[in-house]
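Asks: Please find model-v8.txt (compact mmCIF, C-alpha atoms) on the next line:
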# COMPACT_ATOMS: atom_id res chain seq x y z
CA MET A 555 189.56 -43.23 132.47
CA SER A 556 190.05 -43.06 128.72
CA GLU A 557 190.00 -46.80 127.90
CA GLN A 558 187.13 -47.42 130.29
CA LEU A 559 185.09 -44.56 128.84
CA ARG A 560 185.80 -45.74 125.29
CA GLN A 561 184.48 -49.17 126.22
CA LEU A 562 181.40 -47.65 127.91
CA ILE A 563 180.59 -45.66 124.76
CA PHE A 564 180.98 -48.69 122.47
CA ASP A 565 178.94 -50.91 124.82
CA THR A 566 176.19 -48.29 125.06
CA GLN A 567 176.05 -47.93 121.28
CA ALA A 568 175.77 -51.70 120.86
CA ALA A 569 173.03 -51.88 123.52
CA PHE A 570 170.99 -49.09 121.91
CA ARG A 571 171.44 -50.60 118.45
CA ALA A 572 170.11 -53.93 119.72
CA LYS A 573 167.35 -52.39 121.83
CA PRO A 574 166.26 -48.87 120.82
CA GLU A 575 163.77 -48.70 123.71
CA ALA A 576 166.72 -48.81 126.13
CA ALA A 577 167.82 -45.43 124.70
CA GLN A 578 164.65 -43.60 125.80
CA ALA A 579 165.72 -41.34 128.66
CA THR A 580 163.79 -38.93 130.81
CA PHE A 581 165.27 -35.94 132.66
CA ARG A 582 163.49 -33.89 135.31
CA SER A 583 163.77 -30.69 137.29
CA SER A 584 161.72 -29.19 140.05
CA SER A 585 161.97 -25.55 141.13
CA ARG A 586 160.22 -23.05 143.37
CA LEU A 587 160.39 -19.28 143.62
CA THR A 588 161.40 -18.15 147.09
CA ASP A 589 162.12 -14.47 147.85
CA GLY A 590 161.90 -11.89 145.10
CA PHE A 591 163.23 -13.46 141.89
CA ARG A 592 165.29 -16.19 143.59
CA SER A 593 164.32 -19.69 142.54
CA GLU A 594 165.68 -22.89 144.04
CA VAL A 595 166.07 -25.91 141.80
CA SER A 596 166.24 -29.62 142.64
CA ILE A 597 167.58 -32.06 140.06
CA ARG A 598 167.86 -35.52 141.59
CA GLN A 599 170.26 -34.97 144.55
CA HIS A 600 171.62 -31.72 143.11
CA ARG A 601 170.63 -28.20 144.13
CA LEU A 602 171.16 -24.85 142.44
CA ALA A 603 169.64 -21.40 142.55
CA ALA A 604 168.79 -18.80 139.96
CA ASP A 605 168.15 -15.13 140.56
CA GLU A 606 168.27 -11.85 138.66
CA PRO A 607 170.91 -9.13 138.93
CA ALA A 608 169.89 -5.97 140.78
CA ALA A 609 169.32 -4.05 137.53
CA LEU A 610 166.62 -6.59 136.65
CA GLY A 611 165.00 -6.48 140.09
CA GLY A 612 166.73 -9.41 141.82
CA ALA A 613 169.17 -9.94 144.68
CA ASP A 614 171.81 -11.46 142.36
CA SER A 615 172.13 -14.59 144.51
CA GLY A 616 172.76 -16.81 141.46
CA PRO A 617 173.06 -16.79 137.67
CA ASN A 618 169.85 -15.89 135.87
CA PRO A 619 167.91 -18.33 133.67
CA VAL A 620 169.34 -17.13 130.35
CA GLU A 621 172.85 -17.41 131.79
CA LEU A 622 171.98 -21.01 132.77
CA VAL A 623 171.20 -21.64 129.10
CA LEU A 624 174.76 -20.58 128.21
CA ALA A 625 176.15 -22.80 130.99
CA ALA A 626 174.18 -25.73 129.57
CA LEU A 627 175.57 -25.16 126.08
CA GLY A 628 179.20 -24.69 127.18
CA THR A 629 179.25 -27.77 129.41
CA CYS A 630 177.45 -29.87 126.80
CA GLN A 631 180.00 -28.93 124.16
CA GLU A 632 182.87 -29.84 126.49
CA ILE A 633 181.40 -33.19 127.51
CA THR A 634 180.62 -34.04 123.89
CA TYR A 635 184.19 -33.11 122.86
CA ARG A 636 185.61 -35.45 125.50
CA ALA A 637 183.19 -38.26 124.67
CA TYR A 638 183.85 -38.20 120.91
CA ALA A 639 187.60 -37.54 121.23
CA THR A 640 187.73 -40.67 123.38
CA ALA A 641 185.56 -42.71 121.03
CA MET A 642 187.55 -41.58 117.97
CA GLY A 643 190.95 -42.02 119.63
CA ILE A 644 191.83 -38.33 119.22
CA PRO A 645 194.01 -36.87 121.99
CA LEU A 646 192.42 -33.94 123.85
CA ASP A 647 194.40 -32.26 126.62
CA SER A 648 191.85 -29.62 127.52
CA VAL A 649 188.60 -28.05 126.37
CA SER A 650 187.00 -24.83 127.55
CA VAL A 651 184.21 -22.68 126.15
CA GLU A 652 183.46 -18.94 126.26
CA LEU A 653 179.95 -17.89 125.26
CA VAL A 654 178.18 -14.60 124.68
CA GLY A 655 174.47 -14.17 124.04
CA ASP A 656 172.60 -11.07 122.95
CA ILE A 657 169.11 -10.21 124.14
CA ASP A 658 167.03 -7.18 123.29
CA LEU A 659 165.21 -6.68 126.61
CA ARG A 660 162.35 -4.86 124.89
CA GLY A 661 161.07 -8.40 124.22
CA PHE A 662 160.88 -9.54 127.85
CA PHE A 663 159.56 -6.14 128.98
CA ALA A 664 156.79 -6.16 126.33
CA VAL A 665 157.93 -2.80 124.98
CA ASP A 666 157.93 -4.05 121.38
CA GLU A 667 155.94 -7.20 120.58
CA SER A 668 157.95 -7.74 117.38
CA VAL A 669 161.12 -8.32 119.43
CA ARG A 670 161.72 -11.90 120.59
CA SER A 671 162.22 -12.34 124.34
CA GLY A 672 165.04 -14.87 124.05
CA TYR A 673 168.53 -14.73 122.56
CA GLN A 674 168.89 -13.01 119.21
CA ASN A 675 172.06 -15.05 118.82
CA ILE A 676 174.71 -16.91 120.77
CA ARG A 677 178.37 -16.89 119.75
CA GLY A 678 181.58 -18.04 121.29
CA THR A 679 184.82 -19.92 121.18
CA VAL A 680 185.69 -23.52 121.95
CA ASN A 681 189.34 -23.68 123.04
CA ILE A 682 191.02 -27.04 122.70
CA GLU A 683 194.53 -28.14 123.46
CA SER A 684 195.60 -31.22 121.55
CA SER A 685 198.50 -32.91 119.80
CA ALA A 686 196.18 -34.14 117.04
CA SER A 687 196.33 -32.76 113.50
CA GLU A 688 194.14 -29.85 112.51
CA ALA A 689 192.31 -32.17 110.10
CA ASP A 690 191.47 -34.64 112.86
CA LEU A 691 190.30 -31.85 115.14
CA GLN A 692 188.04 -30.40 112.44
CA LYS A 693 186.61 -33.89 111.97
CA LEU A 694 186.04 -34.10 115.73
CA ARG A 695 184.35 -30.72 115.73
CA ALA A 696 181.93 -31.75 112.99
CA VAL A 697 180.96 -34.91 114.88
CA VAL A 698 180.56 -32.96 118.15
CA ASP A 699 178.37 -30.28 116.59
CA ALA A 700 176.20 -32.94 114.94
CA HIS A 701 175.61 -34.76 118.27
CA CYS A 702 175.75 -32.15 121.06
CA PRO A 703 172.28 -32.30 122.67
CA VAL A 704 172.13 -28.69 123.90
CA LEU A 705 173.36 -27.33 120.56
CA ASP A 706 170.48 -29.23 118.92
CA ILE A 707 168.02 -27.95 121.54
CA LEU A 708 169.02 -24.32 120.90
CA THR A 709 169.41 -24.33 117.13
CA ASN A 710 166.23 -26.34 116.53
CA LYS A 711 162.75 -26.04 117.98
CA VAL A 712 161.69 -28.11 120.98
CA PRO A 713 157.95 -28.62 121.57
CA VAL A 714 157.12 -27.48 125.12
CA SER A 715 153.74 -28.05 126.78
CA LEU A 716 153.00 -26.63 130.22
CA ASN A 717 149.89 -27.19 132.27
CA LEU A 718 148.79 -24.53 134.70
CA SER A 719 147.64 -25.90 138.06
CA ILE A 720 145.89 -23.34 140.25
CA LYS A 721 145.41 -23.57 143.97
CA SER A 722 143.07 -20.90 145.29
CA ALA A 723 144.50 -18.92 148.14
CA LYS A 724 142.35 -16.77 150.41
CA ALA A 725 142.67 -13.08 149.62
CA ALA A 726 144.86 -11.42 152.26
CA MET B 1117 159.20 -5.60 147.38
CA SER B 1118 156.02 -5.60 145.31
CA GLU B 1119 155.52 -1.83 144.93
CA GLN B 1120 159.22 -1.26 144.38
CA LEU B 1121 159.39 -4.00 141.73
CA ARG B 1122 156.27 -2.67 140.00
CA GLN B 1123 157.92 0.75 139.79
CA LEU B 1124 161.19 -0.78 138.50
CA ILE B 1125 159.30 -2.61 135.72
CA PHE B 1126 157.41 0.54 134.65
CA ASP B 1127 160.56 2.69 134.78
CA THR B 1128 162.49 0.11 132.75
CA GLN B 1129 159.74 -0.07 130.13
CA ALA B 1130 159.71 3.73 129.83
CA ALA B 1131 163.49 3.84 129.54
CA PHE B 1132 163.55 1.18 126.79
CA ARG B 1133 160.71 2.86 124.94
CA ALA B 1134 162.63 6.14 124.94
CA LYS B 1135 165.99 4.58 124.17
CA PRO B 1136 165.86 1.12 122.52
CA GLU B 1137 169.66 0.87 122.53
CA ALA B 1138 169.54 0.78 126.37
CA ALA B 1139 167.67 -2.54 126.07
CA GLN B 1140 170.53 -4.34 124.30
CA ALA B 1141 171.93 -6.77 126.87
CA THR B 1142 174.76 -9.26 126.72
CA PHE B 1143 175.11 -12.35 128.89
CA ARG B 1144 178.23 -14.50 129.20
CA SER B 1145 179.47 -17.80 130.55
CA SER B 1146 182.85 -19.40 130.74
CA SER B 1147 183.43 -23.08 131.46
CA ARG B 1148 186.21 -25.65 131.51
CA LEU B 1149 186.20 -29.44 131.58
CA THR B 1150 188.12 -30.75 134.60
CA ASP B 1151 188.13 -34.48 135.44
CA GLY B 1152 186.13 -36.90 133.35
CA PHE B 1153 182.89 -35.21 132.32
CA ARG B 1154 182.88 -32.63 135.11
CA SER B 1155 182.80 -29.06 133.87
CA GLU B 1156 183.10 -25.96 136.03
CA VAL B 1157 181.23 -22.85 134.99
CA SER B 1158 181.84 -19.18 135.86
CA ILE B 1159 179.08 -16.65 135.30
CA ARG B 1160 180.12 -13.29 136.70
CA GLN B 1161 180.74 -14.01 140.43
CA HIS B 1162 178.67 -17.24 140.33
CA ARG B 1163 180.01 -20.78 140.06
CA LEU B 1164 178.34 -24.04 139.20
CA ALA B 1165 179.35 -27.46 137.97
CA ALA B 1166 177.89 -29.92 135.50
CA ASP B 1167 178.70 -33.60 135.23
CA GLU B 1168 177.10 -36.77 133.91
CA PRO B 1169 175.51 -39.56 135.94
CA ALA B 1170 177.51 -42.80 136.22
CA ALA B 1171 175.40 -44.53 133.57
CA LEU B 1172 176.56 -41.90 131.08
CA GLY B 1173 180.23 -42.14 132.11
CA GLY B 1174 180.45 -39.34 134.70
CA ALA B 1175 180.99 -39.01 138.45
CA ASP B 1176 177.54 -37.42 138.98
CA SER B 1177 179.02 -34.42 140.79
CA GLY B 1178 176.37 -32.06 139.37
CA PRO B 1179 173.31 -31.90 137.11
CA ASN B 1180 174.04 -32.64 133.47
CA PRO B 1181 173.71 -30.06 130.68
CA VAL B 1182 170.26 -31.13 129.52
CA GLU B 1183 169.04 -31.00 133.11
CA LEU B 1184 170.41 -27.42 133.28
CA VAL B 1185 168.20 -26.60 130.31
CA LEU B 1186 165.16 -27.70 132.35
CA ALA B 1187 166.40 -25.66 135.33
CA ALA B 1188 166.69 -22.61 133.06
CA LEU B 1189 163.12 -23.03 131.79
CA GLY B 1190 161.58 -23.64 135.22
CA THR B 1191 163.28 -20.68 136.87
CA CYS B 1192 162.54 -18.41 133.90
CA GLN B 1193 158.85 -19.27 134.04
CA GLU B 1194 158.75 -18.56 137.78
CA ILE B 1195 160.56 -15.23 137.51
CA THR B 1196 158.37 -14.18 134.59
CA TYR B 1197 155.21 -15.12 136.55
CA ARG B 1198 156.31 -12.97 139.47
CA ALA B 1199 157.36 -10.05 137.26
CA TYR B 1200 154.10 -9.93 135.29
CA ALA B 1201 151.85 -10.70 138.28
CA THR B 1202 153.46 -7.68 139.95
CA ALA B 1203 153.16 -5.46 136.86
CA MET B 1204 149.54 -6.50 136.28
CA GLY B 1205 148.56 -6.23 139.96
CA ILE B 1206 147.58 -9.91 140.17
CA PRO B 1207 148.19 -11.55 143.57
CA LEU B 1208 150.58 -14.53 143.45
CA ASP B 1209 151.32 -16.40 146.68
CA SER B 1210 153.62 -19.02 145.21
CA VAL B 1211 154.85 -20.46 141.93
CA SER B 1212 156.71 -23.70 141.35
CA VAL B 1213 157.45 -25.71 138.22
CA GLU B 1214 157.94 -29.44 137.54
CA LEU B 1215 159.47 -30.35 134.18
CA VAL B 1216 160.13 -33.57 132.31
CA GLY B 1217 162.08 -33.88 129.08
CA ASP B 1218 162.42 -36.88 126.80
CA ILE B 1219 165.60 -37.72 124.92
CA ASP B 1220 166.26 -40.65 122.64
CA LEU B 1221 169.93 -41.27 123.44
CA ARG B 1222 170.49 -42.93 120.06
CA GLY B 1223 170.92 -39.35 118.83
CA PHE B 1224 173.78 -38.38 121.13
CA PHE B 1225 175.43 -41.78 120.70
CA ALA B 1226 175.26 -41.59 116.88
CA VAL B 1227 173.41 -44.90 116.67
CA ASP B 1228 170.75 -43.46 114.38
CA GLU B 1229 171.51 -40.23 112.52
CA SER B 1230 167.82 -39.57 111.95
CA VAL B 1231 167.27 -39.18 115.71
CA ARG B 1232 167.82 -35.69 117.10
CA SER B 1233 170.33 -35.44 119.97
CA GLY B 1234 168.30 -32.96 122.02
CA TYR B 1235 164.89 -33.11 123.67
CA GLN B 1236 162.08 -34.67 121.64
CA ASN B 1237 159.75 -32.69 123.88
CA ILE B 1238 159.52 -30.98 127.25
CA ARG B 1239 156.34 -31.04 129.31
CA GLY B 1240 155.42 -30.05 132.81
CA THR B 1241 153.25 -28.25 135.27
CA VAL B 1242 153.33 -24.71 136.61
CA ASN B 1243 151.76 -24.68 140.08
CA ILE B 1244 150.47 -21.35 141.30
CA GLU B 1245 148.76 -20.36 144.49
CA SER B 1246 146.69 -17.21 144.18
CA SER B 1247 143.50 -15.51 145.30
CA ALA B 1248 142.98 -14.09 141.80
CA SER B 1249 140.19 -15.30 139.52
CA GLU B 1250 140.83 -18.11 137.08
CA ALA B 1251 140.27 -15.64 134.22
CA ASP B 1252 142.95 -13.27 135.55
CA LEU B 1253 145.37 -16.16 136.02
CA GLN B 1254 144.81 -17.41 132.48
CA LYS B 1255 145.47 -13.86 131.25
CA LEU B 1256 148.67 -13.83 133.32
CA ARG B 1257 149.70 -17.17 131.88
CA ALA B 1258 149.26 -15.94 128.30
CA VAL B 1259 151.40 -12.87 128.97
CA VAL B 1260 154.07 -14.96 130.73
CA ASP B 1261 154.27 -17.51 127.91
CA ALA B 1262 154.53 -14.72 125.33
CA HIS B 1263 157.45 -13.07 127.18
CA CYS B 1264 159.40 -15.81 128.98
CA PRO B 1265 162.91 -15.67 127.44
CA VAL B 1266 163.83 -19.33 127.95
CA LEU B 1267 160.48 -20.56 126.61
CA ASP B 1268 161.19 -18.51 123.47
CA ILE B 1269 164.75 -19.87 123.27
CA LEU B 1270 163.53 -23.47 123.42
CA THR B 1271 160.44 -23.28 121.23
CA ASN B 1272 162.11 -21.17 118.54
CA LYS B 1273 165.50 -21.46 116.86
CA VAL B 1274 168.51 -19.52 118.15
CA PRO B 1275 171.42 -18.97 115.75
CA VAL B 1276 174.61 -20.26 117.40
CA SER B 1277 178.10 -19.69 115.98
CA LEU B 1278 181.13 -21.27 117.59
CA ASN B 1279 184.75 -20.74 116.63
CA LEU B 1280 187.24 -23.50 117.25
CA SER B 1281 190.54 -22.28 118.67
CA ILE B 1282 193.28 -24.91 118.66
CA LYS B 1283 196.41 -24.83 120.77
CA SER B 1284 198.90 -27.50 119.74
CA ALA B 1285 200.03 -29.68 122.59
CA LYS B 1286 203.12 -31.89 122.37
CA ALA B 1287 202.27 -35.54 121.87
CA ALA B 1288 202.74 -37.38 125.17
Reformat the file's structure so that it appears as structure tokens.
Replies:
Amino acid sequence: MSEQLRQLIFDTQAAFRAKPEAAQATFRSSSRLTDGFRSEVSIRQHRLAADEPAALGGADSGPNPVELVLAALGTCQEITYRAYATAMGIPLDSVSVELVGDIDLRGFFAVDESVRSGYQNIRGTVNIESSASEADLQKLRAVVDAHCPVLDILTNKVPVSLNLSIKSAKAA
Amino acid sequence: MSEQLRQLIFDTQAAFRAKPEAAQATFRSSSRLTDGFRSEVSIRQHRLAADEPAALGGADSGPNPVELVLAALGTCQEITYRAYATAMGIPLDSVSVELVGDIDLRGFFAVDESVRSGYQNIRGTVNIESSASEADLQKLRAVVDAHCPVLDILTNKVPVSLNLSIKSAKAA
């Protein structure tokens, strides 16, 4: 796929350069809580479920939301490594990512309002197997980290606005 | 589960108040790129896959990483609504979330370095069905938004540090 993908990337860049409005993309998800803390998600034709481990009150029928954040970052790094290795003509035999995130649960549980509810930090390792020089791979890494969407989303602020829509239910 | 969950939340809060070090939690994910842009993720005993749609060079065998970010936010909101509705004794018959995120793909494709690669913004609707008063539900919403871990992760910065580990492969 390498030559085809390289061409797709160059064609896409040319198209977006010529017509910036063609680069405006919208992504969507739709989810619903079912039993306990289990939530079922629809993303186009794809389905997944989140839940909490037993210690946090769930049935552990899926990863929890903060684990999904790590999954998003790891997969985004990997895809971005393959995309830019291909575009830059740098060989890349494999890429895998291990991530660890620390949360002080006093934030979520409202035990200490000075403690944030999300990750205090995320750290990890990107493992790559390649015949390229160390210098080329460090160049690749810099380009990847400058263009990886989920890395940007996590390390910078994203404005989020949520409307609350209430449907009155009869009291039981 | 409501009474049981309420007790679990109160017991957990008491435990963390008494022993803050018990609240320090670590979450992990491990992923590996397979074919094309498909990446397979392991989170404890759970498995999921990410991929890109055809227009972005993938085989569309799963949601993409930025869609996983939306899934994380939607499910986190829902779980946090149920947890705090239970703790606060506010009835909650159902909760579902629709999210939309906008990305200018000139960022990811390095067409314009002034364009961020991640979401420009995320917006959406939280739908709840409840017999509680509007005032109680607005109070619930404020508590949820102040304690939802993924909302905090997205709207505030998270420090991320990634090591690159290189394994030399023989040139083909």
Asks: Both chains have the same sequence, so superpose chain B on chain A over all Cα atoms paired in order and return it as a compact mmCIF listing (two decimals) with C-alpha atoms, in the coordinates of the input.
Replies:
# COMPACT_ATOMS: atom_id res chain seq x y z
CA MET B 1117 189.50 -43.25 132.49
CA SER B 1118 190.04 -43.08 128.73
CA GLU B 1119 189.99 -46.81 127.92
CA GLN B 1120 187.13 -47.44 130.31
CA LEU B 1121 185.09 -44.57 128.84
CA ARG B 1122 185.81 -45.74 125.29
CA GLN B 1123 184.49 -49.18 126.22
CA LEU B 1124 181.40 -47.67 127.91
CA ILE B 1125 180.59 -45.66 124.75
CA PHE B 1126 180.96 -48.71 122.47
CA ASP B 1127 178.94 -50.93 124.82
CA THR B 1128 176.20 -48.30 125.07
CA GLN B 1129 176.04 -47.93 121.29
CA ALA B 1130 175.75 -51.71 120.88
CA ALA B 1131 173.04 -51.89 123.53
CA PHE B 1132 170.99 -49.10 121.90
CA ARG B 1133 171.43 -50.62 118.46
CA ALA B 1134 170.09 -53.94 119.74
CA LYS B 1135 167.34 -52.42 121.84
CA PRO B 1136 166.26 -48.88 120.83
CA GLU B 1137 163.77 -48.71 123.71
CA ALA B 1138 166.74 -48.81 126.15
CA ALA B 1139 167.82 -45.44 124.71
CA GLN B 1140 164.65 -43.62 125.79
CA ALA B 1141 165.71 -41.35 128.65
CA THR B 1142 163.79 -38.92 130.81
CA PHE B 1143 165.27 -35.95 132.65
CA ARG B 1144 163.49 -33.89 135.31
CA SER B 1145 163.77 -30.69 137.29
CA SER B 1146 161.72 -29.18 140.04
CA SER B 1147 161.97 -25.56 141.13
CA ARG B 1148 160.23 -23.06 143.38
CA LEU B 1149 160.37 -19.27 143.61
CA THR B 1150 161.41 -18.16 147.11
CA ASP B 1151 162.12 -14.48 147.85
CA GLY B 1152 161.92 -11.91 145.09
CA PHE B 1153 163.24 -13.47 141.89
CA ARG B 1154 165.29 -16.19 143.59
CA SER B 1155 164.33 -19.69 142.54
CA GLU B 1156 165.69 -22.90 144.03
CA VAL B 1157 166.06 -25.91 141.78
CA SER B 1158 166.23 -29.63 142.63
CA ILE B 1159 167.57 -32.07 140.06
CA ARG B 1160 167.87 -35.52 141.60
CA GLN B 1161 170.28 -35.00 144.55
CA HIS B 1162 171.64 -31.72 143.08
CA ARG B 1163 170.64 -28.20 144.09
CA LEU B 1164 171.16 -24.87 142.43
CA ALA B 1165 169.65 -21.41 142.56
CA ALA B 1166 168.81 -18.80 139.96
CA ASP B 1167 168.15 -15.13 140.57
CA GLU B 1168 168.28 -11.86 138.66
CA PRO B 1169 170.92 -9.14 138.94
CA ALA B 1170 169.89 -5.97 140.79
CA ALA B 1171 169.32 -4.06 137.54
CA LEU B 1172 166.62 -6.59 136.65
CA GLY B 1173 164.99 -6.48 140.10
CA GLY B 1174 166.73 -9.41 141.83
CA ALA B 1175 169.19 -9.94 144.68
CA ASP B 1176 171.82 -11.48 142.35
CA SER B 1177 172.14 -14.60 144.51
CA GLY B 1178 172.77 -16.82 141.46
CA PRO B 1179 173.08 -16.80 137.67
CA ASN B 1180 169.87 -15.90 135.86
CA PRO B 1181 167.93 -18.33 133.65
CA VAL B 1182 169.36 -17.12 130.35
CA GLU B 1183 172.86 -17.40 131.78
CA LEU B 1184 172.00 -21.02 132.75
CA VAL B 1185 171.20 -21.64 129.09
CA LEU B 1186 174.77 -20.57 128.20
CA ALA B 1187 176.15 -22.78 130.99
CA ALA B 1188 174.18 -25.72 129.56
CA LEU B 1189 175.58 -25.16 126.06
CA GLY B 1190 179.19 -24.69 127.19
CA THR B 1191 179.25 -27.76 129.40
CA CYS B 1192 177.45 -29.87 126.78
CA GLN B 1193 180.00 -28.93 124.14
CA GLU B 1194 182.86 -29.82 126.49
CA ILE B 1195 181.40 -33.18 127.51
CA THR B 1196 180.62 -34.03 123.89
CA TYR B 1197 184.19 -33.12 122.84
CA ARG B 1198 185.62 -35.43 125.48
CA ALA B 1199 183.20 -38.26 124.68
CA TYR B 1200 183.86 -38.21 120.92
CA ALA B 1201 187.61 -37.54 121.23
CA THR B 1202 187.74 -40.67 123.39
CA ALA B 1203 185.56 -42.73 121.02
CA MET B 1204 187.53 -41.58 117.97
CA GLY B 1205 190.94 -42.01 119.64
CA ILE B 1206 191.82 -38.32 119.22
CA PRO B 1207 194.02 -36.87 122.00
CA LEU B 1208 192.42 -33.94 123.86
CA ASP B 1209 194.40 -32.25 126.63
CA SER B 1210 191.84 -29.62 127.53
CA VAL B 1211 188.60 -28.04 126.37
CA SER B 1212 187.01 -24.82 127.55
CA VAL B 1213 184.21 -22.68 126.15
CA GLU B 1214 183.46 -18.93 126.26
CA LEU B 1215 179.95 -17.89 125.25
CA VAL B 1216 178.18 -14.59 124.68
CA GLY B 1217 174.47 -14.17 124.04
CA ASP B 1218 172.60 -11.07 122.95
CA ILE B 1219 169.11 -10.21 124.15
CA ASP B 1220 167.03 -7.18 123.30
CA LEU B 1221 165.23 -6.69 126.61
CA ARG B 1222 162.35 -4.87 124.90
CA GLY B 1223 161.06 -8.40 124.23
CA PHE B 1224 160.89 -9.55 127.85
CA PHE B 1225 159.56 -6.17 128.98
CA ALA B 1226 156.79 -6.16 126.33
CA VAL B 1227 157.92 -2.81 124.97
CA ASP B 1228 157.92 -4.07 121.39
CA GLU B 1229 155.95 -7.22 120.58
CA SER B 1230 157.93 -7.77 117.39
CA VAL B 1231 161.11 -8.33 119.43
CA ARG B 1232 161.72 -11.90 120.58
CA SER B 1233 162.22 -12.35 124.34
CA GLY B 1234 165.04 -14.88 124.04
CA TYR B 1235 168.53 -14.73 122.57
CA GLN B 1236 168.89 -13.01 119.20
CA ASN B 1237 172.07 -15.05 118.81
CA ILE B 1238 174.71 -16.91 120.77
CA ARG B 1239 178.36 -16.89 119.73
CA GLY B 1240 181.58 -18.03 121.29
CA THR B 1241 184.81 -19.90 121.18
CA VAL B 1242 185.69 -23.50 121.95
CA ASN B 1243 189.33 -23.67 123.04
CA ILE B 1244 191.03 -27.02 122.71
CA GLU B 1245 194.53 -28.13 123.47
CA SER B 1246 195.59 -31.21 121.55
CA SER B 1247 198.49 -32.90 119.80
CA ALA B 1248 196.17 -34.13 117.04
CA SER B 1249 196.32 -32.74 113.50
CA GLU B 1250 194.12 -29.83 112.52
CA ALA B 1251 192.29 -32.14 110.10
CA ASP B 1252 191.47 -34.63 112.87
CA LEU B 1253 190.29 -31.83 115.14
CA GLN B 1254 188.03 -30.39 112.46
CA LYS B 1255 186.59 -33.89 111.97
CA LEU B 1256 186.04 -34.09 115.74
CA ARG B 1257 184.35 -30.71 115.73
CA ALA B 1258 181.92 -31.75 112.99
CA VAL B 1259 180.95 -34.90 114.89
CA VAL B 1260 180.56 -32.96 118.16
CA ASP B 1261 178.36 -30.28 116.58
CA ALA B 1262 176.19 -32.94 114.94
CA HIS B 1263 175.62 -34.75 118.27
CA CYS B 1264 175.75 -32.15 121.06
CA PRO B 1265 172.28 -32.29 122.68
CA VAL B 1266 172.14 -28.68 123.89
CA LEU B 1267 173.37 -27.31 120.55
CA ASP B 1268 170.49 -29.22 118.92
CA ILE B 1269 168.03 -27.93 121.54
CA LEU B 1270 169.02 -24.31 120.90
CA THR B 1271 169.41 -24.33 117.12
CA ASN B 1272 166.23 -26.34 116.51
CA LYS B 1273 162.75 -26.04 117.97
CA VAL B 1274 161.69 -28.11 120.99
CA PRO B 1275 157.96 -28.61 121.57
CA VAL B 1276 157.13 -27.47 125.12
CA SER B 1277 153.75 -28.05 126.79
CA LEU B 1278 153.00 -26.62 130.20
CA ASN B 1279 149.88 -27.18 132.27
CA LEU B 1280 148.77 -24.52 134.69
CA SER B 1281 147.64 -25.88 138.04
CA ILE B 1282 145.89 -23.32 140.23
CA LYS B 1283 145.42 -23.57 143.96
CA SER B 1284 143.06 -20.91 145.30
CA ALA B 1285 144.51 -18.90 148.13
CA LYS B 1286 142.36 -16.75 150.42
CA ALA B 1287 142.63 -13.07 149.63
CA ALA B 1288 144.84 -11.40 152.24
Asks: Please write as a ChimeraX atom specification the list of polymer residues whose atoms come within 12 Å of (148.1, -25.1, 132.1), counting all atoms listed in the file and keeping to the coordinates of the file.
Replies: /A:714-720 /B:1213,1239-1244,1250,1253-1258,1260-1261
Asks: Find, counting only C-alpha atoms, the residue in B:Ser1155, B:Ser1247, B:Thr1196, B:Asn1237 that gets nearest to Val1266 (chain B).
Replies: B:Thr1196
Asks: So the first atom is CA of Glu1119 (chain B) and the second is CA of Pro607 (chain A); what is the distance between them in Å, to one decimal place?
Replies: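 Taking CA of Glu1119 (chain B) and CA of Pro607 (chain A), their separation equals 18.1 Å.
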Asks: Give as a list of chain:residue names every residue, naming chains and numbers as the document does, that has an atom within 9 Å of (179.8, -12.8, 142.4), counting all atoms listed in the file.
Replies: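 Residues lying no farther than 9 Å from the given point: A:Asp614, A:Ser615, A:Gly616, B:Ile1159, B:Arg1160, B:Gln1161, B:His1162, B:Arg1163.
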Asks: Counting only C-alpha atoms, figure out which residue out of B:Ala1187, B:Val1259, B:Cys1192, B:Ala1248 gets nearest to Pro1207 (chain B).
Replies: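 Among the listed residues, B:Ala1248 lies closest to Pro1207 (chain B).
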Asks: One number please: CA of Asp656 (chain A) to CA of Arg592 (chain A), in Å, one decimal.
Replies: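 Interatomic distance, CA of Asp656 (chain A) to CA of Arg592 (chain A): 22.5 Å.
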Asks: Would you pick out the contacts of Gly1190 (chain B) at 8 Å or less, using all atoms listed in the file, so that residues sharing its chain but fewer than 3 positions from it are not included, and give the list as a ChimeraX atom specification?
Replies: /A:583-585 /B:1186-1187,1193-1194,1212-1215
Asks: Write out as a list in words each polymer residue whose atoms come within 6 Å of Lys711 (chain A), counting only C-alpha atoms; drop sequence neighbours fewer than 4 positions from it.
Replies: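 Close residues of Lys711 (chain A): Thr1271, Asn1272 and Lys1273 of chain B.
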Asks: Which is closest to chain A among B:Ala1131, B:Ala1201, B:Ile1195, B:Val1231, if we use only C-alpha atoms?
Replies: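 The closest residue to chain A is B:Ile1195.
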